[in-house]
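A.B. asks: What follows is model-v5.cif, made up of mmCIF, C-alpha atoms:
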```
data_protein
loop_
_atom_site.label_atom_id
_atom_site.label_comp_id
_atom_site.auth_asym_id
_atom_site.auth_seq_id
_atom_site.Cartn_x
_atom_site.Cartn_y
_atom_site.Cartn_z
CA MET A 162 92.78 88.52 95.29
CA SER A 163 90.06 87.44 92.86
CA GLU A 164 91.22 85.51 89.80
CA HIS A 165 89.59 88.16 87.62
CA ALA A 166 90.63 91.24 89.60
CA ALA A 167 92.19 94.05 87.55
CA VAL A 168 95.90 94.00 88.34
CA VAL A 169 99.21 95.49 87.23
CA ARG A 170 102.70 94.05 87.55
CA GLY A 171 104.49 95.25 90.66
CA ARG A 172 107.65 95.54 88.57
CA HIS A 173 105.92 98.09 86.35
CA LEU A 174 105.00 100.23 89.35
CA LYS A 175 108.56 99.96 90.67
CA SER A 176 109.78 101.15 87.28
CA LEU A 177 107.46 104.17 87.36
CA ALA A 178 108.64 105.12 90.85
CA SER A 179 112.31 104.70 89.90
CA PHE A 180 111.85 106.75 86.72
CA LEU A 181 110.21 109.51 88.75
CA GLN A 182 113.24 109.76 91.02
CA GLU A 183 115.30 110.78 88.01
CA ARG A 184 112.93 113.51 86.76
CA PRO A 185 112.66 117.13 87.90
CA GLY A 186 109.62 117.27 90.16
CA GLY A 187 109.52 113.52 90.48
CA MET A 188 110.11 113.49 94.22
CA THR A 189 107.15 115.86 94.59
CA ALA A 190 104.98 113.29 92.81
CA LEU A 191 106.22 110.51 95.06
CA ALA A 192 105.46 112.63 98.12
CA LEU A 193 101.80 112.80 97.02
CA LEU A 194 101.41 109.03 97.22
CA PRO A 195 99.57 107.47 100.17
CA PRO A 196 101.90 106.27 102.97
CA ASP A 197 101.36 102.60 102.14
CA TRP A 198 101.98 102.92 98.38
CA LEU A 199 105.78 102.77 98.19
CA PRO A 200 106.25 100.05 100.86
CA GLN A 201 103.78 97.70 99.18
CA VAL A 202 105.30 98.29 95.75
CA THR A 203 108.87 97.98 97.03
CA ASP A 204 108.07 94.73 98.81
CA ALA A 205 106.50 93.17 95.71
CA SER A 206 108.59 90.70 93.74
CA GLY A 207 109.15 90.97 90.02
CA LEU A 208 106.40 88.42 89.43
CA ASP A 209 103.80 89.90 91.78
CA TRP A 210 100.58 91.49 90.57
CA LEU A 211 99.04 94.40 92.49
CA PRO A 212 95.59 96.04 92.29
CA VAL A 213 95.38 98.31 89.26
CA GLU A 214 94.16 101.12 91.53
CA ARG A 215 97.81 101.55 92.55
CA ASN A 216 98.57 102.43 88.95
CA LEU A 217 95.77 104.99 88.94
CA VAL A 218 97.11 106.56 92.14
CA ILE A 219 100.64 107.10 90.83
CA THR A 220 99.32 108.34 87.49
CA ARG A 221 97.27 111.00 89.24
CA ALA A 222 100.26 111.98 91.40
CA VAL A 223 102.45 112.42 88.31
CA TYR A 224 99.93 114.74 86.64
CA ASP A 225 99.28 116.69 89.84
CA ALA A 226 102.98 117.22 90.52
CA LEU A 227 104.42 117.70 87.03
CA GLY A 228 101.52 119.34 85.24
CA PRO A 229 99.90 118.06 82.04
CA ALA A 230 102.70 118.72 79.53
CA GLU A 231 105.54 117.29 81.62
CA ALA A 232 103.41 114.35 82.78
CA ASP A 233 102.57 113.56 79.15
CA ARG A 234 106.29 113.56 78.37
CA PHE A 235 106.99 111.41 81.43
CA PHE A 236 104.66 108.60 80.35
CA ARG A 237 105.87 108.69 76.75
CA ASP A 238 109.52 108.61 77.86
CA HIS A 239 108.92 105.93 80.48
CA THR A 240 107.29 103.61 77.94
CA LEU A 241 110.14 104.18 75.51
CA ALA A 242 112.63 103.36 78.27
CA SER A 243 110.57 100.27 79.14
CA PHE A 244 111.30 98.89 75.68
CA HIS A 245 114.80 98.24 77.10
CA GLY A 246 113.50 96.91 80.41
CA PRO A 247 112.95 93.40 81.77
CA ILE A 248 109.22 93.21 80.96
CA LEU A 249 109.15 94.37 77.35
CA LYS A 250 112.66 94.17 75.89
CA THR A 251 112.47 90.63 74.48
CA MET A 252 109.10 91.23 72.87
CA VAL A 253 110.02 94.62 71.40
CA THR A 254 113.36 93.37 70.09
CA SER A 255 111.56 90.52 68.30
CA ALA A 256 108.97 92.91 66.87
CA VAL A 257 111.61 95.23 65.43
CA ARG A 258 113.65 92.39 63.94
CA ILE A 259 110.62 90.69 62.40
CA LEU A 260 108.65 93.74 61.27
CA GLY A 261 111.17 96.53 60.95
CA LEU A 262 110.10 100.02 61.95
CA ALA A 263 106.76 100.30 60.15
CA PRO A 264 104.45 102.03 62.65
CA ALA A 265 101.34 100.09 61.58
CA SER A 266 103.17 96.79 62.01
CA LEU A 267 104.66 97.66 65.39
CA ALA A 268 101.24 98.81 66.58
CA ARG A 269 99.95 95.26 66.26
CA TRP A 270 102.19 94.26 69.15
CA VAL A 271 100.49 96.65 71.58
CA PRO A 272 98.00 94.01 72.84
CA LYS A 273 100.90 91.62 73.56
CA ALA A 274 102.77 94.28 75.50
CA TRP A 275 99.63 95.25 77.42
CA HIS A 276 99.07 91.73 78.70
CA LEU A 277 102.63 91.56 79.97
CA ILE A 278 101.87 94.53 82.24
CA PHE A 279 98.13 94.35 82.97
CA ARG A 280 95.58 91.60 83.56
CA ALA A 281 91.79 91.95 83.44
CA CYS A 282 92.33 95.57 82.39
CA GLY A 283 90.63 95.52 79.01
CA GLU A 284 91.19 93.91 75.62
CA TRP A 285 92.69 95.67 72.61
CA SER A 286 91.35 95.42 69.07
CA LEU A 287 92.74 97.09 65.96
CA GLU A 288 90.87 98.20 62.88
CA GLU A 289 92.17 96.73 59.65
CA VAL A 290 94.96 98.96 58.41
CA THR A 291 94.62 100.16 54.82
CA PRO A 292 97.93 99.75 52.94
CA GLY A 293 99.68 103.11 52.79
CA ALA A 294 97.51 104.63 55.50
CA ARG A 295 99.31 106.61 58.15
CA GLN A 296 96.98 105.91 61.00
CA VAL A 297 95.89 103.03 63.20
CA THR A 298 92.75 102.97 65.34
CA PHE A 299 92.76 100.95 68.56
CA THR A 300 89.84 100.14 70.82
CA LEU A 301 90.51 99.18 74.43
CA GLY A 302 87.27 97.51 75.49
CA GLY A 303 86.02 95.83 78.63
CA LEU A 304 87.80 98.25 80.92
CA PRO A 305 87.32 97.99 84.68
CA ALA A 306 85.10 100.82 85.93
CA ALA A 307 87.97 102.39 87.90
CA CYS A 308 90.06 102.71 84.71
CA ALA A 309 87.21 103.67 82.38
CA GLU A 310 86.14 106.49 84.70
CA ASP A 311 89.62 107.95 85.15
CA PRO A 312 90.37 110.46 82.36
CA VAL A 313 93.88 111.10 83.67
CA TRP A 314 94.79 107.41 83.43
CA LEU A 315 93.32 107.19 79.92
CA ARG A 316 95.36 110.23 78.94
CA SER A 317 98.51 108.51 80.23
CA VAL A 318 97.69 105.46 78.08
CA ALA A 319 97.46 107.68 75.00
CA ARG A 320 100.81 109.27 75.76
CA SER A 321 102.36 105.86 76.40
CA LEU A 322 101.16 104.69 72.98
CA GLU A 323 103.11 107.54 71.41
CA ALA A 324 106.27 105.63 72.33
CA VAL A 325 105.39 103.30 69.43
CA LEU A 326 105.76 106.26 67.08
CA GLU A 327 109.05 107.22 68.76
CA LEU A 328 110.30 103.67 68.27
CA ALA A 329 109.27 103.82 64.60
CA ARG A 330 111.17 107.12 64.18
CA VAL A 331 108.16 109.05 62.88
CA ARG A 332 106.42 112.25 63.91
CA GLY A 333 102.92 111.69 65.14
CA VAL A 334 100.34 111.87 67.87
CA VAL A 335 97.83 109.61 69.61
CA ALA A 336 94.34 111.03 70.02
CA LEU A 337 91.77 109.74 72.51
CA ALA A 338 88.31 109.88 70.96
CA PRO A 339 85.46 111.56 72.88
CA ARG A 340 83.69 109.04 75.08
CA PRO A 341 80.05 108.91 76.18
CA ARG A 342 79.41 108.89 79.91
CA GLY A 343 79.60 105.41 81.36
CA ALA A 344 81.50 103.92 78.41
CA ARG A 345 83.67 100.94 79.31
CA GLN A 346 85.88 101.30 76.26
CA ALA A 347 88.29 103.87 74.89
CA VAL A 348 89.27 104.50 71.27
CA PHE A 349 92.78 105.70 70.43
CA GLN A 350 93.96 106.82 67.00
CA LEU A 351 97.65 106.81 66.11
CA ARG A 352 98.45 109.26 63.31
CA TRP A 353 101.88 109.92 61.85
CA SER A 354 103.69 111.48 58.91
CA GLY A 355 106.37 109.72 56.93
CA GLY A 356 107.54 106.16 57.40
CA GLY A 357 110.06 104.49 59.68
CA ASP A 358 113.60 105.62 58.88
CA ALA A 359 115.28 102.45 57.66
CA ALA A 360 118.62 104.28 57.54
CA LYS A 361 118.65 104.66 61.32
CA PRO A 362 119.21 101.73 63.64
CA PRO A 363 116.23 100.75 65.77
CA LEU A 364 116.03 102.25 69.25
CA VAL A 365 116.02 98.71 70.65
CA PRO A 366 118.90 96.51 69.41
#
```
Turn this file's structure into structure tokens for me.

C.D. replies:
Amino acid sequence: MSEHAAVVRGRHLKSLASFLQERPGGMTALALLPPDWLPQVTDASGLDWLPVERNLVITRAVYDALGPAEADRFFRDHTLASFHGPILKTMVTSAVRILGLAPASLARWVPKAWHLIFRACGEWSLEEVTPGARQVTFTLGGLPAACAEDPVWLRSVARSLEAVLELARVRGVVALAPRPRGARQAVFQLRWSGGGDAAKPPLVP
């Protein structure tokens, strides 16, 4: 595999497959995968990296099997569950302890989390956050063509980002900005109402 090939952690794909098994309709999604998908993912070690196209394939299967609304919920819930998992737990726990539950502060950790799961799959940048503002704008630039041209995968990224708002205990949404044809970047805007509820314990201890 090329040093600069777009890849995803095999452990992340295993987590998606395992999470599907617990969801209504999840086995239908798994049945849509190519015959070689599960064996190659199952055989991968926790440190292995696999072609990012395998992430695109399972994302499409989830949306095809569950439908848009349930698939959106699946990716949001899976990311939230991943905050307790082996890849992200240490980082997320540190973020919450250092920064508290302020959504704008937690959002700054998204690039760190991304690089724990993906490599050569784009670089995140954040616009400067105005104090008191209840929105953060991200740009994911330098995307591989396969990712940039897959609207379903980009939608799943937006829904996954909403887990940051869930962690911060605020109501909100992540919008994917309209993109010109051929664009190799995607712009996401997190918007929320209220602030993190300091009276509630964080979702990640």

A.B. asks: Go through region 197-290 of chain A residue by residue and, counting all atoms listed in the file, keep those with an atom at most 8 Å from region 304-312 of chain A; for each kept residue give the shortest atom pair and its distance in Å to one decimal, ordered by chain and increasing number, as CSV.

C.D. replies:
```
residue,atom,partner,partner_atom,distance
A:Glu214,CA,A:Ala307,CA,7.3
A:Leu217,CA,A:Cys308,CA,7.5
A:Ala281,CA,A:Pro305,CA,7.6
A:Cys282,CA,A:Leu304,CA,5.5
A:Gly283,CA,A:Leu304,CA,4.4
A:Glu284,CA,A:Leu304,CA,7.6
```

A.B. asks: With C-alpha atoms retained, could you export that selection as a tab-separated table (two decimals), keeping the file's coordinate frame?

C.D. replies:
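The resulting file, result.tsv, is reproduced below:
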```tsv
chain	number	residue	atom	x	y	z
A	214	GLU	CA	94.16	101.12	91.53
A	217	LEU	CA	95.77	104.99	88.94
A	281	ALA	CA	91.79	91.95	83.44
A	282	CYS	CA	92.33	95.57	82.39
A	283	GLY	CA	90.63	95.52	79.01
A	284	GLU	CA	91.19	93.91	75.62
```

A.B. asks: I'd like a table as JSON lines: residues in region 240-355 of chain A with an atom no more than 12 Å from region 198-209 of chain A, each row giving the shortest atom pair and its distance in Å to one decimal, all atoms listed in the file counted, sorted by chain and rising residue number.

C.D. replies:
```
{"residue": "A:Pro247", "atom": "CA", "partner": "A:Gly207", "partner_atom": "CA", "distance": 9.4}
{"residue": "A:Ile248", "atom": "CA", "partner": "A:Gly207", "partner_atom": "CA", "distance": 9.3}
{"residue": "A:Leu277", "atom": "CA", "partner": "A:Leu208", "partner_atom": "CA", "distance": 10.7}
{"residue": "A:Ile278", "atom": "CA", "partner": "A:Leu208", "partner_atom": "CA", "distance": 10.5}
{"residue": "A:Phe279", "atom": "CA", "partner": "A:Asp209", "partner_atom": "CA", "distance": 11.4}
{"residue": "A:Arg280", "atom": "CA", "partner": "A:Asp209", "partner_atom": "CA", "distance": 11.7}
```

A.B. asks: Write to file, as a PDB file, in the coordinates of the input, the residues of the selection just made, with C-alpha atoms.

C.D. replies:
```pdb
ATOM      1  CA  PRO A 247     112.950  93.400  81.770  1.00  0.00           C
ATOM      2  CA  ILE A 248     109.220  93.210  80.960  1.00  0.00           C
ATOM      3  CA  LEU A 277     102.630  91.560  79.970  1.00  0.00           C
ATOM      4  CA  ILE A 278     101.870  94.530  82.240  1.00  0.00           C
ATOM      5  CA  PHE A 279      98.130  94.350  82.970  1.00  0.00           C
ATOM      6  CA  ARG A 280      95.580  91.600  83.560  1.00  0.00           C
TER       7      ARG A 280
END
```

A.B. asks: What is the distance between CA of Glu327 (chain A) and CA of Leu241 (chain A), in Å to one decimal?

C.D. replies: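 Pair CA of Glu327 (chain A) / CA of Leu241 (chain A) returns 7.5 Å.
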
A.B. asks: Using the chain letters and numbering of this document, enumerate as an NGL selection string the residues selected by the PyMOL selection byres ((chain A and resi 222) around 8).

C.D. replies: :A and (190-191 or 193-194 or 218-221 or 223-226)

A.B. asks: Evaluate the PyMOL selection byres ((chain A and resi 244) around 10) on the structure here and hand back the selected residues as a VMD selection string.

C.D. replies: chain A and resid 239 to 243 245 to 254 274 324 to 325 328 364 to 365

A.B. asks: Taking (86.7, 101.7, 76.4) in the file's own coordinates, collect the residues within 8 Å, counting only C-alpha atoms, and hand them back as a VMD selection string.

C.D. replies: chain A and resid 283 300 to 304 309 344 to 348

A.B. asks: Enter the distance from CA of Gly171 (chain A) to CA of Ser317 (chain A), in Å, rounded to one decimal.

C.D. replies: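 Distance reported for this atom pair: 17.9 Å.
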
A.B. asks: Tell me which of A:Ala192, A:Leu351, A:Val297, A:Ala338 sits closest to Ser321 (chain A), counting all atoms listed in the file.

C.D. replies: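 Among the listed residues, the smallest separation from Ser321 (chain A) belongs to A:Leu351.
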
A.B. asks: May I ask which of the residues A:Val318, A:Ala265, A:His276, A:Ile259 is the closest one to Val169 (chain A), counting all atoms listed in the file?

C.D. replies: A:His276
